[in-house]
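Presented below is the structure to which this report refers.
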Amino acid sequence: MGGTPPARHTASPPSSALLSYPHGELLRDGRPHRILAGSLHYFRVHPAQWADRLERLAAMGLNTVDTYVAWNVHERRRGQLRFDGGRDLGRFFDLAQDAGLDVIVRPGPYICAEWDNGGLPAWLTGLPGMRPRSSYRPYLDEVARWFDTLMPQITAAQAAFGGPVVAVQVENEYGSYGDDRGHLEWLRDALTARGVGELLYTADGPTALMQDGGSLPGTLATATFGSGPEAAAGLLRARRAGEPFMCAEFWNGWFDHWGEPHHIRSVDSAGSTLAGILDAGGSVSVYMAHGGTNFGLGSGANHDGTRLQPTVTSYDSDAPVAENGALSPKFFRIRELLLAATGTAPRPLPADPPLLAPRALRPVPGAGLLDGLAALAPAADWPHPPSFEELGQPSGLLLYRARPLVPAGTHDLAVHGLHDRAQVFADGAPLGVLDRETGSLPLTGTGQRVRLDLLVENQGRINYGPLLGQGKGILGGVRIGPRLVHTWTVHGLPLDEWSRDHVARAPAAAPPSGSCGFATARLDLDTPADTFLALPGFGKGFVWVNGTLLGRHWEIGPQLTLYVPAPLLTPGRNTVTVLELERFGDRIELRDRPELGPPEEYVETFG
């Protein structure tokens, strides 16, 4: 147990919460109420589009929006806290209130969310001996420091003080991870000690094992699921007499991994389960109501026990409000069910956002891959290949360079503890790609020194399960035969931290060379609008628009287009910059519809 959290807050807790359940029925200000919420994560939507997307949720018949708070969005590096621009929680809360929505806040600090490292900062999980999501004192100390800064943002917006925040979640699906009751009690007390006085609740899967690990006496227990609402309601009511039934996440769609199918859920299937929740008298949060985009390098990853499963850039999630704000058939089915359940008058329907007319752009090759990257970041000398954590770099690429003496003949070049993907070069020529924790390639020597380059990509930190917080880079070593390779220079390339000027300089950082590296394309516009960017013929890499990193592209799919929000574009000249790791295509296309891959129906179930 980590001890009592310091009670440092800017406002005393309200004397009573707006939401309550004194006799088992959920009340709002003393009147019967049903939470009809939808998930929308502020960090997955361009801030200029927050108001539009919130209005679309309200038009669907929802009365509440819920959002996670991603710690690593606000404190990417320890002590450097930001609540500006796309991190401005106060503005997001105000816009939700303007749209007539209550707000549920899910501050974690662990959030899962298919977000990098489950929202925990890489510097935190990279601390030696760190044990996140437990009563380990150094972890609780860091959470206490973070909550000291975060909670005033939330408590000032509580309903008791005239704001829209009506509920706050304690941790997130903890019963799927551990059973440290003291840790959960500490988090709950940390919230109340810092002024949270609105409804508190936990959210866990609808099984006895998960509810045992994640729920707390005296705190509302809710369930997260995609099917079986009657069974979930029965379980909660049997275990938690006197508490209202709530589905804190109704999975009406699902996310995608690179190299796997594009998951969808049919309108009939989603509608049937939602109807079951409503028929059971339940409150609900539609996850996701609007999924948005994993801009930059925000995508997390799963692990199936043998391999990493990195999540794609799009977080469309087959949600009722699509990635670009379009209203899908699922939107109208959910709207119909919610309006029938509440008897409220429908709100006006917003039009779908305009789109640019399709066109093709010509990419102009710039700096070659290895020389360009080496020129963009200073070299650091290390006796061994360091990890991302040792370099204090949360994400992006590392370019490792060594000059080992390689005897004549063919030798086994092995990389141990690789996280996640390495392109291997000898004297500038590609040897191959390694994407397993331990892998090897043949290396031919002539008795001379070889310039050995390994370009290692962090493909997204694991966001769920026991491997949460796993390090990135080369965590073991590099061998030629039985001999370890020492004496390395390393170039750190935190692509999502590059400034607009840095991105603009990159294509001219070195001469063009080979079939990959940097390329740019010019886009001239009279009036900006949304578009979907495709890279036919390109292999794998990263795309910026006017200096903003959209995310990753990869020909293995399923996602083949990247959403470009209109606020990233300007009248006049715009620049698309590509860092291509494998091979250039001959054109960049702007399309008027997304291509997220061949669909496959997926409904999450619990045995």
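Chains: A, B, ... in order of the structure tokens. Residues: from 1 per chain. Ligands: from 1, in order shown.
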So that each row is one residue of segment 313-384 of chain A with an atom at most 12 Å from segment 445-467 of chain A, can you give its shortest atom pair and the distance in Å to one decimal, using only C-alpha atoms, rows by chain and rising number, as JSON lines?
{"residue": "A:Thr313", "atom": "CA", "partner": "A:Gly460", "partner_atom": "CA", "distance": 10.5}
{"residue": "A:Leu369", "atom": "CA", "partner": "A:Leu455", "partner_atom": "CA", "distance": 9.8}
{"residue": "A:Leu370", "atom": "CA", "partner": "A:Asp453", "partner_atom": "CA", "distance": 8.3}
{"residue": "A:Asp371", "atom": "CA", "partner": "A:Asp453", "partner_atom": "CA", "distance": 10.9}
{"residue": "A:Leu373", "atom": "CA", "partner": "A:Leu455", "partner_atom": "CA", "distance": 9.6}
{"residue": "A:Ala374", "atom": "CA", "partner": "A:Leu455", "partner_atom": "CA", "distance": 10.5}
List as a compact mmCIF listing (two decimals) with all heavy atoms, in the first residue's frame the protein and nucleic acid residues near Leu579 of chain A, meaning an atom at most 9 Å away when only C-alpha atoms are counted, but skip any in the same chain fewer than 6 places from it.
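Result written to out-v4.txt:
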# COMPACT_ATOMS: atom_id res chain seq x y z
N LEU A 369 17.61 7.65 -47.62
CA LEU A 369 17.16 7.19 -46.31
C LEU A 369 18.24 7.30 -45.24
O LEU A 369 18.09 8.06 -44.26
CB LEU A 369 16.66 5.75 -46.41
CG LEU A 369 16.14 5.15 -45.10
CD1 LEU A 369 14.90 5.89 -44.62
CD2 LEU A 369 15.84 3.66 -45.28
N PRO A 507 13.97 16.98 -46.38
CA PRO A 507 14.23 16.49 -47.74
C PRO A 507 15.53 16.98 -48.35
O PRO A 507 16.04 16.38 -49.30
CB PRO A 507 13.01 17.00 -48.52
CG PRO A 507 11.94 17.17 -47.49
CD PRO A 507 12.66 17.65 -46.27
N CYS A 516 14.39 5.01 -51.66
CA CYS A 516 13.63 5.37 -50.47
C CYS A 516 14.32 6.54 -49.77
O CYS A 516 15.43 6.92 -50.12
CB CYS A 516 13.49 4.18 -49.52
SG CYS A 516 15.03 3.41 -49.02
N GLY A 517 13.62 7.10 -48.82
CA GLY A 517 14.10 8.28 -48.12
C GLY A 517 12.99 9.30 -48.04
O GLY A 517 11.82 8.94 -47.86
N PHE A 518 13.31 10.57 -48.19
CA PHE A 518 12.32 11.62 -48.11
C PHE A 518 11.81 11.99 -49.52
O PHE A 518 12.56 11.94 -50.50
CB PHE A 518 12.90 12.87 -47.45
CG PHE A 518 13.09 12.72 -45.97
CD1 PHE A 518 14.32 12.29 -45.46
CD2 PHE A 518 12.07 12.98 -45.08
CE1 PHE A 518 14.51 12.14 -44.10
CE2 PHE A 518 12.24 12.83 -43.72
CZ PHE A 518 13.47 12.41 -43.22
N ALA A 519 10.54 12.38 -49.56
CA ALA A 519 9.95 12.89 -50.78
C ALA A 519 8.91 13.94 -50.40
O ALA A 519 8.34 13.88 -49.30
CB ALA A 519 9.31 11.79 -51.61
N THR A 520 8.68 14.87 -51.29
CA THR A 520 7.67 15.90 -51.05
C THR A 520 6.74 16.02 -52.25
O THR A 520 7.11 15.66 -53.37
CB THR A 520 8.30 17.28 -50.78
OG1 THR A 520 9.13 17.64 -51.89
CG2 THR A 520 9.14 17.26 -49.51
N LYS A 540 6.32 1.49 -46.90
CA LYS A 540 6.08 1.71 -45.47
C LYS A 540 6.76 3.01 -45.06
O LYS A 540 7.87 3.30 -45.53
CB LYS A 540 6.65 0.56 -44.64
CG LYS A 540 6.33 0.63 -43.15
CD LYS A 540 6.96 -0.53 -42.40
CE LYS A 540 6.36 -0.68 -41.01
NZ LYS A 540 6.44 0.53 -40.20
N GLY A 541 6.11 3.76 -44.18
CA GLY A 541 6.76 4.97 -43.73
C GLY A 541 5.84 5.89 -42.96
O GLY A 541 4.90 5.43 -42.29
N PHE A 542 6.09 7.19 -43.09
CA PHE A 542 5.42 8.21 -42.29
C PHE A 542 5.08 9.38 -43.20
O PHE A 542 5.81 9.70 -44.14
CB PHE A 542 6.34 8.68 -41.15
CG PHE A 542 6.91 7.56 -40.34
CD1 PHE A 542 8.08 6.91 -40.74
CD2 PHE A 542 6.28 7.12 -39.19
CE1 PHE A 542 8.61 5.87 -40.00
CE2 PHE A 542 6.80 6.08 -38.44
CZ PHE A 542 7.96 5.45 -38.84
N VAL A 543 3.97 10.08 -42.87
CA VAL A 543 3.49 11.16 -43.72
C VAL A 543 3.19 12.40 -42.89
O VAL A 543 2.49 12.30 -41.86
CB VAL A 543 2.22 10.74 -44.49
CG1 VAL A 543 1.78 11.86 -45.43
CG2 VAL A 543 2.46 9.46 -45.29
N TRP A 544 3.69 13.53 -43.32
CA TRP A 544 3.40 14.84 -42.73
C TRP A 544 2.62 15.69 -43.73
O TRP A 544 2.86 15.62 -44.94
CB TRP A 544 4.67 15.61 -42.39
CG TRP A 544 5.51 15.08 -41.28
CD1 TRP A 544 5.56 15.54 -39.99
CD2 TRP A 544 6.50 14.03 -41.35
NE1 TRP A 544 6.49 14.84 -39.25
CE2 TRP A 544 7.09 13.91 -40.06
CE3 TRP A 544 6.94 13.17 -42.36
CZ2 TRP A 544 8.09 12.98 -39.77
CZ3 TRP A 544 7.92 12.24 -42.08
CH2 TRP A 544 8.48 12.15 -40.79
Find, counting only C-alpha atoms, the residue in A:Val286, A:Arg505, A:Glu336, A:Asp318 that gets nearest to Ala377 of chain A.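 Nearest to Ala377 of chain A: A:Arg505.
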Grab the atom CA of Asp98 of chain A to atom CA of Ala58 of chain A distance for me, in Å with one decimal place.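 Pair atom CA of Asp98 of chain A / atom CA of Ala58 of chain A returns 10.5 Å.
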As a check of understanding: the span from atom CA of Gly126 of chain A to atom CA of Glu389 of chain A is 5.6 Å
Name all residues at most 12 Å from Leu81 of chain A (count only C-alpha atoms; drop same-chain ones fewer than 4 positions away) and give them as number ranges by chain. A: 71-77, 87-88, 121, 145-150
Export of prior selection with all heavy atoms as a short mmCIF file (atom, residue, chain, number, x, y, z; two decimals), in the first residue's frame:
data_model
loop_
_atom_site.label_atom_id
_atom_site.label_comp_id
_atom_site.auth_asym_id
_atom_site.auth_seq_id
_atom_site.Cartn_x
_atom_site.Cartn_y
_atom_site.Cartn_z
N TRP A 71 -2.21 10.62 -20.12
CA TRP A 71 -1.10 11.26 -19.40
C TRP A 71 0.03 11.58 -20.35
O TRP A 71 0.64 12.66 -20.29
CB TRP A 71 -0.67 10.32 -18.27
CG TRP A 71 0.37 10.83 -17.32
CD1 TRP A 71 1.05 12.02 -17.35
CD2 TRP A 71 0.86 10.14 -16.16
NE1 TRP A 71 1.93 12.10 -16.29
CE2 TRP A 71 1.84 10.96 -15.55
CE3 TRP A 71 0.58 8.89 -15.59
CZ2 TRP A 71 2.53 10.58 -14.39
CZ3 TRP A 71 1.26 8.51 -14.44
CH2 TRP A 71 2.23 9.35 -13.85
N ASN A 72 0.38 10.63 -21.25
CA ASN A 72 1.54 10.85 -22.11
C ASN A 72 1.30 11.90 -23.20
O ASN A 72 2.24 12.32 -23.87
CB ASN A 72 2.03 9.53 -22.73
CG ASN A 72 0.97 8.79 -23.52
OD1 ASN A 72 -0.12 9.30 -23.77
ND2 ASN A 72 1.28 7.56 -23.92
N VAL A 73 0.07 12.34 -23.37
CA VAL A 73 -0.20 13.48 -24.25
C VAL A 73 0.17 14.79 -23.55
O VAL A 73 0.64 15.73 -24.20
CB VAL A 73 -1.68 13.48 -24.68
CG1 VAL A 73 -2.08 14.79 -25.33
CG2 VAL A 73 -1.96 12.31 -25.62
N HIS A 74 -0.01 14.83 -22.25
CA HIS A 74 0.21 16.07 -21.49
C HIS A 74 1.61 16.17 -20.88
O HIS A 74 2.09 17.27 -20.63
CB HIS A 74 -0.83 16.17 -20.37
CG HIS A 74 -2.23 16.27 -20.86
ND1 HIS A 74 -2.80 17.47 -21.22
CD2 HIS A 74 -3.16 15.31 -21.09
CE1 HIS A 74 -4.04 17.25 -21.63
NE2 HIS A 74 -4.29 15.95 -21.57
N GLU A 75 2.24 15.03 -20.61
CA GLU A 75 3.58 15.06 -20.00
C GLU A 75 4.46 14.05 -20.72
O GLU A 75 4.85 13.02 -20.17
CB GLU A 75 3.51 14.76 -18.50
CG GLU A 75 4.81 15.08 -17.78
CD GLU A 75 4.76 14.84 -16.28
OE1 GLU A 75 3.80 14.18 -15.80
OE2 GLU A 75 5.68 15.31 -15.57
N ARG A 76 4.77 14.37 -21.96
CA ARG A 76 5.58 13.47 -22.78
C ARG A 76 6.96 13.26 -22.16
O ARG A 76 7.51 12.16 -22.19
CB ARG A 76 5.70 14.07 -24.18
CG ARG A 76 6.46 13.21 -25.16
CD ARG A 76 6.40 13.81 -26.54
NE ARG A 76 7.22 13.07 -27.48
CZ ARG A 76 6.81 12.01 -28.16
NH1 ARG A 76 5.59 11.55 -27.99
NH2 ARG A 76 7.62 11.39 -29.01
N ARG A 77 7.51 14.32 -21.58
CA ARG A 77 8.77 14.23 -20.85
C ARG A 77 8.53 14.75 -19.44
O ARG A 77 7.79 15.71 -19.24
CB ARG A 77 9.86 15.02 -21.57
CG ARG A 77 10.15 14.45 -22.97
CD ARG A 77 11.23 15.20 -23.70
NE ARG A 77 11.42 14.69 -25.05
CZ ARG A 77 12.19 13.65 -25.37
NH1 ARG A 77 12.87 13.01 -24.42
NH2 ARG A 77 12.30 13.25 -26.63
N ARG A 87 -4.53 19.86 -26.26
CA ARG A 87 -4.46 19.30 -24.91
C ARG A 87 -5.31 20.12 -23.92
O ARG A 87 -5.26 19.87 -22.72
CB ARG A 87 -3.01 19.28 -24.42
CG ARG A 87 -2.05 18.51 -25.32
CD ARG A 87 -0.61 18.79 -24.93
NE ARG A 87 0.35 18.06 -25.72
CZ ARG A 87 0.80 18.45 -26.91
NH1 ARG A 87 0.37 19.59 -27.45
NH2 ARG A 87 1.68 17.73 -27.57
N ASP A 88 -6.07 21.06 -24.42
CA ASP A 88 -6.81 22.01 -23.58
C ASP A 88 -8.11 21.37 -23.09
O ASP A 88 -9.18 21.51 -23.70
CB ASP A 88 -7.10 23.28 -24.37
CG ASP A 88 -7.66 24.40 -23.51
OD1 ASP A 88 -8.13 24.12 -22.39
OD2 ASP A 88 -7.65 25.56 -23.97
N PRO A 121 3.23 7.59 -19.61
CA PRO A 121 4.41 8.12 -20.28
C PRO A 121 5.53 7.08 -20.36
O PRO A 121 5.74 6.29 -19.43
CB PRO A 121 4.82 9.30 -19.40
CG PRO A 121 3.61 9.65 -18.60
CD PRO A 121 2.88 8.36 -18.40
N ARG A 145 1.88 13.15 -8.14
CA ARG A 145 2.38 14.40 -8.71
C ARG A 145 1.57 14.79 -9.94
O ARG A 145 1.21 15.96 -10.13
CB ARG A 145 3.86 14.23 -9.06
CG ARG A 145 4.55 15.49 -9.56
CD ARG A 145 5.97 15.20 -10.02
NE ARG A 145 6.00 14.17 -11.05
CZ ARG A 145 5.74 14.40 -12.33
NH1 ARG A 145 5.43 15.61 -12.75
NH2 ARG A 145 5.78 13.42 -13.21
N TRP A 146 1.26 13.82 -10.80
CA TRP A 146 0.46 14.08 -12.00
C TRP A 146 -0.95 14.52 -11.63
O TRP A 146 -1.47 15.51 -12.17
CB TRP A 146 0.44 12.83 -12.87
CG TRP A 146 -0.64 12.72 -13.91
CD1 TRP A 146 -1.52 11.69 -14.07
CD2 TRP A 146 -0.93 13.64 -14.98
NE1 TRP A 146 -2.35 11.91 -15.14
CE2 TRP A 146 -2.01 13.11 -15.72
CE3 TRP A 146 -0.39 14.87 -15.36
CZ2 TRP A 146 -2.56 13.76 -16.83
CZ3 TRP A 146 -0.95 15.52 -16.46
CH2 TRP A 146 -2.01 14.97 -17.18
N PHE A 147 -1.58 13.81 -10.69
CA PHE A 147 -2.94 14.18 -10.29
C PHE A 147 -2.98 15.58 -9.66
O PHE A 147 -3.98 16.28 -9.78
CB PHE A 147 -3.49 13.15 -9.31
CG PHE A 147 -4.13 11.95 -9.98
CD1 PHE A 147 -4.04 11.74 -11.34
CD2 PHE A 147 -4.83 11.02 -9.22
CE1 PHE A 147 -4.62 10.63 -11.94
CE2 PHE A 147 -5.42 9.91 -9.81
CZ PHE A 147 -5.32 9.71 -11.17
N ASP A 148 -1.91 15.97 -8.97
CA ASP A 148 -1.88 17.32 -8.41
C ASP A 148 -2.06 18.38 -9.49
O ASP A 148 -2.65 19.44 -9.25
CB ASP A 148 -0.55 17.57 -7.68
CG ASP A 148 -0.46 16.87 -6.34
OD1 ASP A 148 -1.51 16.45 -5.81
OD2 ASP A 148 0.67 16.74 -5.82
N THR A 149 -1.54 18.11 -10.68
CA THR A 149 -1.68 19.05 -11.80
C THR A 149 -2.97 18.84 -12.57
O THR A 149 -3.65 19.79 -12.96
CB THR A 149 -0.48 18.90 -12.75
OG1 THR A 149 0.72 19.20 -12.05
CG2 THR A 149 -0.61 19.84 -13.94
N LEU A 150 -3.33 17.57 -12.80
CA LEU A 150 -4.49 17.26 -13.63
C LEU A 150 -5.81 17.58 -12.95
O LEU A 150 -6.72 18.15 -13.57
CB LEU A 150 -4.46 15.78 -14.02
CG LEU A 150 -5.71 15.26 -14.74
CD1 LEU A 150 -5.90 15.96 -16.08
CD2 LEU A 150 -5.62 13.74 -14.93
#
Check which residues of segment 174-277 of chain A sit at most 8 Å from segment 288-303 of chain A using only C-alpha atoms, and return one row each with the closest pair of atoms and their distance in Å to one decimal, ordered by chain and rising number, as CSV.
residue,atom,partner,partner_atom,distance
A:Trp251,CA,A:Met288,CA,7.0
A:Asn252,CA,A:Met288,CA,7.1
A:Gly253,CA,A:Met288,CA,7.2
A:His257,CA,A:Ala301,CA,7.9
DSSP-assigned strand (DSSP E) members of segment 387-502 of chain A, reported as number ranges by chain: A: 397-402, 409-419, 421-426, 429-434, 438-445, 452-457, 473-480, 483-484, 488-493
Mind listing the alpha helix (DSSP H) residues of segment 183-411 of chain A, per DSSP on the backbone, as JSON, numbers by chain? {"A": [183, 184, 185, 186, 187, 188, 189, 190, 191, 192, 193, 208, 209, 210, 211, 212, 213, 214, 229, 230, 231, 232, 233, 234, 235, 236, 237, 238, 239, 267, 268, 269, 270, 271, 272, 273, 274, 275, 276, 277, 278, 279, 329, 330, 331, 332, 333, 334, 335, 336, 337, 338, 339, 340, 341, 342, 369, 370, 371, 372, 373, 374, 375, 376, 388, 389, 390, 391]}
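Nearest-residue note for Ile474 of chain A: choosing from A:His183, A:Arg82, A:Arg591, A:Arg421, the minimum distance belongs to A:Arg421, counting only C-alpha atoms.
The gap separating atom CA of Leu40 of chain A from atom CA of Ala351 of chain A is 19.1 Å, in Å to one decimal.
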Nearest to Leu216 of chain A among A:Gly182, A:Gly86, A:Gly228, A:Gly61, with distances taken over only C-alpha atoms: which residue is it?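 Closest candidate: A:Gly182.
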